[in-house]
Amino acid sequence: TATITTTALRACKQRGEPIACLTCYDAAFAQLLERAGVEVLLVGDSLGMVVQGHSTTVPVTLDQMVYHSRCVTRVAEQSLVIADLPFMSYATPERALEAAARLMGEGGAAMVKLEGGEALAETVARLTAFGAPVCAHLGLLPQSIHQLGGYRVQGRDAEMAARIEADALALQAAGASLLVLECVPSALAAALAQRLHIPVIGIGAGRGCDGQVLVLHDILGLTPGKAPRFSKNFLAERADDGANDKAEVSIEAAVRAYVAAVKAGAFPAPEHTLA
Ligand code: KIV
Ligand code: NA
């Protein structure tokens with residue numbers, strides 16, 4: 001079992017220490033990320049894009065999520081491992097329970113993540129009632145990309161900002177342990193992090209969150225095609241840093257630089273902030 005628990009993350013929030021999270025899909029990286037101080041490993045369905053080469057997360061199956069979760073949890077010792085419930089695997093509370101049973105049972109994950117608002121409150125309540133901690137995900141919802149029509153900032157207008165806030169409060173009340181906010185204005189994310197007692201982990205949501213998450217391949221410059229504007233290539237930054245010729249250029253050093261930047265509140269910088 002993970003030594004970094006939900007309670008530990010909540011303590012981080014209370015003392016104002018930003019939580020460092022990255023996506024992770026296999027054993028080699030699980031070991032490296034832990035060694036580099038990453039506290040939360042997210043087996044994200046973004047693996048559909050960066051590992052499988054799809055253009056969205058929609059084709060990712062539950063079997064594939066179980067497999068990758070197992071690869072990560074087989075070697076992870078301290079970090080909290082969260083696994084994404086893939087597209088449609090939580091379309092009913094019953095299906096969500098069955099899918100979580102697989103991600104946590106076979107996959108070994110300590111928490112499951114799902115995308116969506118108040119409509120999922122009952123599902124979150126059922127999962128938590130049976131001992132499956134839940135990370136909610138609001139703002140840009142990649143599984144709904146065919147409905148959204150594009151990857152862009154969510155919640156710029158007052159109406160949608162109010163919707164996101166109501167959703168966040170409903171999911172917290174239903175028992176969610178964590179909230180990921182993706183591509184929302186930093187002022188909205190900061191206000192929500194203040195308002196909620198559960199930790200808020202941002203991606204493209206500014207520095208006012210209780211922690212940050214990025215896609216592993218983005219911070220190493222490995223993403224096929226263009227990486228999102230809110231991410232940063234920490235490996236290239238070290239290679240470019242001619243001023244410090246003793247700077248070690250390695251994947252582990254890049255991940256350590258990410259963790260240090262998150263902990264220091266230096267990442268995301270204004271240029272990684274969308275609104
Ligand atoms: O799948 C993923 O990588 C995610 C993060 C972007 C939060 O859900
Ligand atoms: Na995801």
# chains A, B, ... in the order shown; residues from 1 in each chain; ligands from 1
>>> closest_atom_pairs(of="chain A", to="ligand 2", cutoff="8 Å", atoms="only C-alpha atoms and all ligand atoms", output="tab-separated table")
residue	atom	partner	partner_atom_place_in_ligand_line	distance
A:Val43	CA	ligand 2	1 (Na)	8.0
A:Gly44	CA	ligand 2	1 (Na)	4.4
A:Asp45	CA	ligand 2	1 (Na)	4.4
A:Ser46	CA	ligand 2	1 (Na)	5.3
A:Thr57	CA	ligand 2	1 (Na)	7.3
A:Asp84	CA	ligand 2	1 (Na)	5.7
A:Pro86	CA	ligand 2	1 (Na)	7.7
A:Lys113	CA	ligand 2	1 (Na)	7.8
A:Leu114	CA	ligand 2	1 (Na)	7.9
A:Glu115	CA	ligand 2	1 (Na)	7.8
A:Pro142	CA	ligand 2	1 (Na)	6.9
A:Gln143	CA	ligand 2	1 (Na)	7.6
>>> closest_residue(among="A:Arg126, A:Ile19, A:Ala2, A:Lys13", to="A:Ala260", atoms="only C-alpha atoms")
A:Ile19
>>> residues_around(residues="stretch 222-235 of chain A", least_positions_apart="4", cutoff="8 Å", atoms="only C-alpha atoms", output="list in words")
Val50, Gly53, Ile203, Gly204, Leu214, His217, Asp218, Ala239, Val249, Ser250, Ile251, Ala253, Ala254, Val255, Ala257, Tyr258, Pro268, Glu271, His272, Thr273 and Leu274 of chain A
>>> atom_distance(atom1="atom CA of A:Ala132", atom2="atom CA of A:Met104")
7.9 Å
>>> select_by_dssp(residues="stretch 43-114 of chain A", states="alpha helix (DSSP H)", output="list in words")
Leu47, Gly48, Met49, Val50, Leu62, Asp63, Gln64, Met65, Val66, Tyr67, His68, Ser69, Arg70, Cys71, Val72, Thr73, Pro93, Glu94, Arg95, Ala96, Leu97, Glu98, Ala99, Ala100, Ala101, Arg102, Leu103, Met104 and Gly105 of chain A
>>> write_last_selection(atoms="C-alpha atoms", output="PDB file, in the first residue's frame")
ATOM      1  CA  LEU A  47      -1.904   6.818 -22.612  1.00  0.00           C
ATOM      2  CA  GLY A  48      -4.291   6.443 -25.539  1.00  0.00           C
ATOM      3  CA  MET A  49      -2.527   9.398 -27.110  1.00  0.00           C
ATOM      4  CA  VAL A  50       1.082   9.224 -25.934  1.00  0.00           C
ATOM      5  CA  LEU A  62     -10.766  -0.869 -19.281  1.00  0.00           C
ATOM      6  CA  ASP A  63      -8.553  -3.905 -19.954  1.00  0.00           C
ATOM      7  CA  GLN A  64      -5.781  -1.566 -21.117  1.00  0.00           C
ATOM      8  CA  MET A  65      -6.172   0.654 -18.044  1.00  0.00           C
ATOM      9  CA  VAL A  66      -5.990  -2.396 -15.773  1.00  0.00           C
ATOM     10  CA  TYR A  67      -2.836  -3.589 -17.555  1.00  0.00           C
ATOM     11  CA  HIS A  68      -1.037  -0.241 -17.262  1.00  0.00           C
ATOM     12  CA  SER A  69      -2.159   0.221 -13.645  1.00  0.00           C
ATOM     13  CA  ARG A  70      -0.694  -3.179 -12.819  1.00  0.00           C
ATOM     14  CA  CYS A  71       2.589  -2.270 -14.532  1.00  0.00           C
ATOM     15  CA  VAL A  72       2.854   0.833 -12.333  1.00  0.00           C
ATOM     16  CA  THR A  73       1.644  -0.570  -9.020  1.00  0.00           C
ATOM     17  CA  PRO A  93     -23.068   3.492 -10.985  1.00  0.00           C
ATOM     18  CA  GLU A  94     -23.061  -0.303 -11.364  1.00  0.00           C
ATOM     19  CA  ARG A  95     -20.615  -0.203 -14.229  1.00  0.00           C
ATOM     20  CA  ALA A  96     -18.444   2.221 -12.279  1.00  0.00           C
ATOM     21  CA  LEU A  97     -18.313  -0.167  -9.321  1.00  0.00           C
ATOM     22  CA  GLU A  98     -17.308  -3.057 -11.584  1.00  0.00           C
ATOM     23  CA  ALA A  99     -14.666  -0.997 -13.356  1.00  0.00           C
ATOM     24  CA  ALA A 100     -13.236   0.332 -10.072  1.00  0.00           C
ATOM     25  CA  ALA A 101     -13.130  -3.222  -8.724  1.00  0.00           C
ATOM     26  CA  ARG A 102     -10.871  -4.147 -11.640  1.00  0.00           C
ATOM     27  CA  LEU A 103      -8.641  -1.039 -11.506  1.00  0.00           C
ATOM     28  CA  MET A 104      -8.130  -1.430  -7.761  1.00  0.00           C
ATOM     29  CA  GLY A 105      -8.291  -5.233  -7.485  1.00  0.00           C
TER      30      GLY A 105
END
>>> closest_residue(among="A:Ala189, A:Val51, A:Leu178, A:Leu148", to="A:Glu165", atoms="only C-alpha atoms")
A:Ala189
>>> residues_around(residues="A:Leu171", least_positions_apart="5", cutoff="12 Å", atoms="only C-alpha atoms", output="VMD selection string")
chain A and resid 113 to 128 134 to 138 164 to 166 176 to 180 196 to 198
>>> select_by_dssp(residues="stretch 17-260 of chain A", states="strand (DSSP E)", output="ChimeraX atom specification")
/A:19-23,40-43,80-84,111-115,134-139,178-182,200-203,211-214
>>> residues_around(residues="A:Leu32", least_positions_apart="6", cutoff="12 Å", atoms="only C-alpha atoms", output="list in words")
Leu22, Cys24, Tyr25, Asp26, Val38, Glu39, Leu41, Val72, Val75, Ala76, Glu77, Ser79, Leu216, Ser250, Ile251, Glu252, Ala253, Ala254, Val255 and Arg256 of chain A
>>> closest_residue(among="A:Ser89, A:Cys209, A:Arg152, A:Val215", to="A:Leu42", atoms="only C-alpha atoms")
A:Val215
>>> closest_residue(among="A:Ile4, A:Ala191, A:Ala129, A:Ile82", to="ligand 1", atoms="only C-alpha atoms and all ligand atoms")
A:Ile82
>>> residues_around(residues="A:Gly208", least_positions_apart="4", cutoff="10 Å", atoms="only C-alpha atoms", output="list in words")
Pro18, Ser186, Ala187, Leu188, Ala189, Ala190, Ala191, Leu192, Ala193, Gln194, Val200, Ile201, Gly202, Gln212, Gly265 and Pro268 of chain A
>>> write_last_selection(atoms="C-alpha atoms", output="PDB file, in the first residue's frame")
ATOM      1  CA  PRO A  18       2.119  22.049  -3.535  1.00  0.00           C
ATOM      2  CA  SER A 186      -6.302  30.513 -12.915  1.00  0.00           C
ATOM      3  CA  ALA A 187      -8.542  32.845 -10.891  1.00  0.00           C
ATOM      4  CA  LEU A 188     -11.357  30.291 -10.956  1.00  0.00           C
ATOM      5  CA  ALA A 189      -8.988  27.438 -10.024  1.00  0.00           C
ATOM      6  CA  ALA A 190      -7.478  29.455  -7.159  1.00  0.00           C
ATOM      7  CA  ALA A 191     -10.922  30.364  -5.822  1.00  0.00           C
ATOM      8  CA  LEU A 192     -11.985  26.722  -5.916  1.00  0.00           C
ATOM      9  CA  ALA A 193      -8.817  25.538  -4.185  1.00  0.00           C
ATOM     10  CA  GLN A 194      -9.604  28.041  -1.408  1.00  0.00           C
ATOM     11  CA  VAL A 200      -7.239  20.615  -6.131  1.00  0.00           C
ATOM     12  CA  ILE A 201      -4.638  19.462  -8.679  1.00  0.00           C
ATOM     13  CA  GLY A 202      -4.342  21.701 -11.712  1.00  0.00           C
ATOM     14  CA  GLN A 212       0.055  20.262 -10.345  1.00  0.00           C
ATOM     15  CA  GLY A 265       5.556  27.493  -6.752  1.00  0.00           C
ATOM     16  CA  PRO A 268       3.349  27.013 -13.795  1.00  0.00           C
TER      17      PRO A 268
END
>>> closest_residue(among="A:Ala8, A:Leu181, A:Leu169, A:Ala20", to="A:Val262", atoms="only C-alpha atoms")
A:Ala20
>>> atom_distance(atom1="atom 3 (O, counted along the ligand's line) of ligand 1", atom2="atom CA of A:Val153")
16.3 Å
